[in-house]
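Working notes for the structure below.
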Amino acid sequence: MKKSLILVPDADPMPVVLPCGNAWDGRADKPQGPVEILVKDRKIAEMGKKVTRPDGAKVIDLSQRIVTPGFIDCHVHMTIPPSNFSRMFTDSQARGFLHAFEPLGKMLMNGFTTVRDVGTSATWNYVTVDLRDAINQGMIAGPRMIVAPHIISSTGGHGDMSGTLSPELWAAMKSSNIADGPDEIQRVVRDEIKGGADWVKCAATGGFFSPTSDPGFSTYTQEELNILVKTAHDQGVPVCVHAYGDEAVKRALNAGVDSIEHGNMASVEALEMMAEKGICIIPTQYTFEDTLTNLDNAAYWAARPPWEFRKIVFYAPAIKTTIKNLAGSRVKIAFGTDAGMFPHEDNWKEFPTMVKNGISPLRALLSATSTAAGLLRRPDLGTLAVGKTADIIAMPGDPFLDINVTGRVDFVMKEGKIYRLP
């Protein structure tokens, strides 16, 4: 892996002492200054000006770096190959599993110790569940994964990719994610949970990448969204909803969803509804920074589907308006990138994109630490404090002064195991 050092972690990592030149705990308004951290038994055991040095402890000098909690990306697609989308339909599930190894390693090297994967190919079964479990069991290296295996979709909606295949081929494939009406929706939600889902995801609008749907149109009724959310919540499983158009965002909020994915054409009224209900938005702004910047770049669009270009051109004014309104809102933002729609190793660029779009460095950093951990119901993550899981990263510089420092992470620890050293 380029420019990275992966240490094969011990089954029971030794105690580690980290003398840090500066540290930010994932909650405060600014960094707290020099601190030492003792990591023991995969947890943060001590923090202070001086910590205990147990016998045999490894001391790693981070005195020239700022230390933060490991980053969290709440919207990724680890099995989607950005260089060749057709592989989602032509590769076997085993190949999809194997092809995820490299991007998982790259995300970890970027300092992302946790990701939420929100959908793999509808033609595969529960490959992201298998990846999650393999990482948890130490079989492969990568961020811990929290997964919504498939995107539940209406016929012709964002998750219905039959338009990319011949009718004969699509008919021969399993399409377990398409559900219309309350009965089918209940069945598919229950199938997802039975298959090992941590989250359930549905598409409430069309998308920019999908060939036969429109991102501005609602694809599920209020009744359908209500039953989808209730069916998942009855089993204690949270729900995230892909929604671009304003009406669909409002329907999802009224149904009681747990997060809005994208929301890039949500009105001021919808943003205020989110704030009142305390529901996070995952705005995935880098994907639009990339496409909006390249509207006149023929080479860029030559490698992308033509329908995506048409939709971006049409909806660009609405997207730009929501970008401005989100920055001025009080909505909770959780960090998410849609990595897989672009090269996974570029996911850190969401940070400078948010800041460029008027979101403060503090709000951007909170979105990838304590706010994201709260959304994912993982209070042990996202902050540096005694007793927390030892997900710790470091970078040379201060991201509060230069947000681009987030792209130069050179120390990565996950659960007390060191995966990258400066």
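Letters A, B, ... mark the chains of the structure tokens in the order given; residue numbers begin at 1 per chain; ligand numbers begin at 1, in order shown.
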
Residues within 7 Å of Ala270 in chain A, please, as a list in words. Count only C-alpha atoms; anything in the same chain fewer than 6 positions from it doesn't count.
Asp246, Val249 and Lys250 of chain A

Can you list every residue in range 194-329 of chain A that DSSP puts in alpha helix (DSSP H), as a PyMOL selection string?
chain A and resi 194+222-234+246-255+268-277+285-293+298-302+306-327

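If you look at CA of Trp307 in chain A and CA of Gly119 in chain A, they are 21.1 Å away from each other.
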
Contacts of range 221-223 of chain A at 10 Å (only C-alpha atoms; same-chain gap of 5+ positions) as number ranges by chain
A: 180-182, 204, 228, 248, 250-252, 254-255

Output file for the selection above: C-alpha atoms, as a compact mmCIF listing (two decimals), in the first residue's frame:
```txt
# COMPACT_ATOMS: atom_id res chain seq x y z
CA ASP A 180 -43.57 -1.85 -3.34
CA GLY A 181 -46.39 -1.44 -0.85
CA PRO A 182 -46.55 -2.17 2.89
CA ALA A 204 -37.03 7.81 -0.88
CA LEU A 228 -40.63 0.75 6.67
CA ALA A 248 -39.09 13.09 0.25
CA LYS A 250 -39.95 15.81 4.80
CA ARG A 251 -41.76 12.47 4.43
CA ALA A 252 -38.72 10.66 5.83
CA ASN A 254 -42.25 12.59 9.48
CA ALA A 255 -41.76 8.81 9.39
```

Based on DSSP run over this structure's backbone, return all residues of range 128-297 of chain A in strand (DSSP E or B), as a ChimeraX atom specification.
/A:144-147,151-153,178,200-203,205,218,239-243,259-262,280-282

May I have the residues from that selection written out with C-alpha atoms, as a CSV table (one decimal), in the first residue's frame?
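Dumped to out.csv:
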```
chain,number,residue,atom,x,y,z
A,144,ARG,CA,-14.8,-1.4,11.9
A,145,MET,CA,-17.8,-1.6,9.7
A,146,ILE,CA,-21.4,-0.8,10.5
A,147,VAL,CA,-23.6,-2.0,7.7
A,151,ILE,CA,-30.7,-0.1,-0.6
A,152,ILE,CA,-34.4,-0.9,-0.3
A,153,SER,CA,-36.1,0.7,-3.3
A,178,ILE,CA,-37.1,-4.0,-4.6
A,200,VAL,CA,-31.8,-0.4,7.3
A,201,LYS,CA,-31.5,1.9,4.3
A,202,CYS,CA,-34.1,2.9,1.8
A,203,ALA,CA,-34.2,5.2,-1.2
A,205,THR,CA,-36.1,9.6,-4.1
A,218,SER,CA,-40.4,10.9,-4.3
A,239,VAL,CA,-33.1,3.6,9.5
A,240,CYS,CA,-31.2,5.9,7.1
A,241,VAL,CA,-32.9,7.3,4.0
A,242,HIS,CA,-31.4,8.3,0.7
A,243,ALA,CA,-33.3,11.5,-0.2
A,259,SER,CA,-30.6,10.0,9.4
A,260,ILE,CA,-31.0,11.7,6.1
A,261,GLU,CA,-28.5,10.7,3.5
A,262,HIS,CA,-27.6,13.5,1.1
A,280,CYS,CA,-28.6,14.2,11.5
A,281,ILE,CA,-28.0,14.9,7.8
A,282,ILE,CA,-25.1,13.3,6.0
```

Which is closer to Ala303 in chain A than all the others in A:Leu381, A:Pro82, A:Pro283, A:Ser154, using only C-alpha atoms?
A:Pro82

Just the residues within 10 Å of Thr155 in chain A, please, counting only C-alpha atoms, with nothing from its chain fewer than 2 positions along; format it as a PyMOL selection string.
chain A and resi 152-153+157-162+177-180+212-213+219-220

Save out the residues we just selected, C-alpha atoms, as an mmCIF file, in the first residue's frame.
```
data_model
loop_
_atom_site.group_PDB
_atom_site.id
_atom_site.type_symbol
_atom_site.label_atom_id
_atom_site.label_comp_id
_atom_site.auth_asym_id
_atom_site.auth_seq_id
_atom_site.Cartn_x
_atom_site.Cartn_y
_atom_site.Cartn_z
ATOM 1 C CA ILE A 152 -34.444 -0.916 -0.321
ATOM 2 C CA SER A 153 -36.105 0.682 -3.310
ATOM 3 C CA GLY A 157 -36.360 3.853 -7.925
ATOM 4 C CA HIS A 158 -32.740 4.583 -7.113
ATOM 5 C CA GLY A 159 -31.938 1.019 -6.070
ATOM 6 C CA ASP A 160 -33.580 -0.560 -9.112
ATOM 7 C CA MET A 161 -30.597 -0.970 -11.434
ATOM 8 C CA SER A 162 -32.414 -3.105 -13.999
ATOM 9 C CA ASN A 177 -34.042 -5.028 -2.504
ATOM 10 C CA ILE A 178 -37.094 -4.008 -4.570
ATOM 11 C CA ALA A 179 -40.267 -3.573 -2.533
ATOM 12 C CA ASP A 180 -43.568 -1.846 -3.341
ATOM 13 C CA THR A 212 -34.279 5.392 -14.600
ATOM 14 C CA SER A 213 -35.019 7.574 -11.570
ATOM 15 C CA THR A 219 -40.458 7.192 -4.860
ATOM 16 C CA TYR A 220 -42.187 6.109 -1.644
#
```

Name the residues in contact with Asp391 in chain A at a cut-off of 10 Å, using only C-alpha atoms, excluding same-chain residues fewer than 6 positions from it; report them as a PyMOL selection string.
chain A and resi 39+42-44+68-71+111-114+380-384+412-418

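Minimum atom-to-atom distance to Asp41 in chain A, evaluated using only C-alpha atoms, belongs to A:Pro13 out of A:Pro149, A:Gly105, A:Pro13, A:Pro215.
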
Restricting the calculation to only C-alpha atoms, which member of A:Tyr286, A:Ala298, A:Ile312, A:Met341 is positioned closest to Val355 in chain A?
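Among the listed residues, A:Tyr286 lies closest to Val355 in chain A.
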
Pick from A:Arg330, A:Arg132, A:Arg95, A:Arg304: nearest to Phe342 in chain A, with only C-alpha atoms counted?
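Among the listed residues, A:Arg304 lies closest to Phe342 in chain A.
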
Could you please determine the separation between CA of Tyr419 in chain A and CA of Arg27 in chain A in Å, to one decimal place?
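CA of Tyr419 in chain A sits 24.5 Å away from CA of Arg27 in chain A.
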
For CA of Pro15 in chain A and CA of Asp29 in chain A, quote the distance in Å rounded to one decimal.
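So the two atoms, CA of Pro15 in chain A and CA of Asp29 in chain A, lie 29.6 Å apart.
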
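Distances from A:Val237, A:Leu421, A:Met109, A:Ile392 to Ile66 in chain A were compared using only C-alpha atoms, and the smallest one belongs to A:Ile392.
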
Who sits within 6 Å of range 48-63 of chain A, only C-alpha atoms, same chain under 3 positions skipped, as a PDB file with N, CA and C atoms, in the first residue's frame:
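selection_34.pdb, freshly written:
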```
ATOM      1  N   PRO A  15       0.843  -2.340  26.202  1.00  0.00           N
ATOM      2  CA  PRO A  15       0.517  -0.958  26.571  1.00  0.00           C
ATOM      3  C   PRO A  15       1.329   0.021  25.731  1.00  0.00           C
ATOM      4  N   VAL A  16       0.730   1.148  25.413  1.00  0.00           N
ATOM      5  CA  VAL A  16       1.375   2.181  24.610  1.00  0.00           C
ATOM      6  C   VAL A  16       1.209   3.524  25.308  1.00  0.00           C
ATOM      7  N   VAL A  17       2.296   4.296  25.350  1.00  0.00           N
ATOM      8  CA  VAL A  17       2.253   5.666  25.868  1.00  0.00           C
ATOM      9  C   VAL A  17       2.472   6.605  24.694  1.00  0.00           C
ATOM     10  N   LEU A  18       1.583   7.592  24.571  1.00  0.00           N
ATOM     11  CA  LEU A  18       1.642   8.563  23.487  1.00  0.00           C
ATOM     12  C   LEU A  18       1.872   9.961  24.058  1.00  0.00           C
ATOM     13  N   PRO A  19       3.102  10.477  24.037  1.00  0.00           N
ATOM     14  CA  PRO A  19       3.326  11.891  24.376  1.00  0.00           C
ATOM     15  C   PRO A  19       2.939  12.748  23.162  1.00  0.00           C
ATOM     16  N   CYS A  20       1.899  13.562  23.318  1.00  0.00           N
ATOM     17  CA  CYS A  20       1.307  14.285  22.194  1.00  0.00           C
ATOM     18  C   CYS A  20       1.617  15.781  22.294  1.00  0.00           C
ATOM     19  N   GLY A  21       2.057  16.373  21.202  1.00  0.00           N
ATOM     20  CA  GLY A  21       2.325  17.806  21.199  1.00  0.00           C
ATOM     21  C   GLY A  21       1.069  18.630  21.349  1.00  0.00           C
ATOM     22  N   VAL A  35      -0.486  16.669  25.896  1.00  0.00           N
ATOM     23  CA  VAL A  35      -1.041  15.684  26.807  1.00  0.00           C
ATOM     24  C   VAL A  35      -0.347  14.356  26.547  1.00  0.00           C
ATOM     25  N   GLU A  36      -0.332  13.516  27.555  1.00  0.00           N
ATOM     26  CA  GLU A  36       0.102  12.141  27.366  1.00  0.00           C
ATOM     27  C   GLU A  36      -1.099  11.215  27.500  1.00  0.00           C
TER      28      GLU A  36
END
```
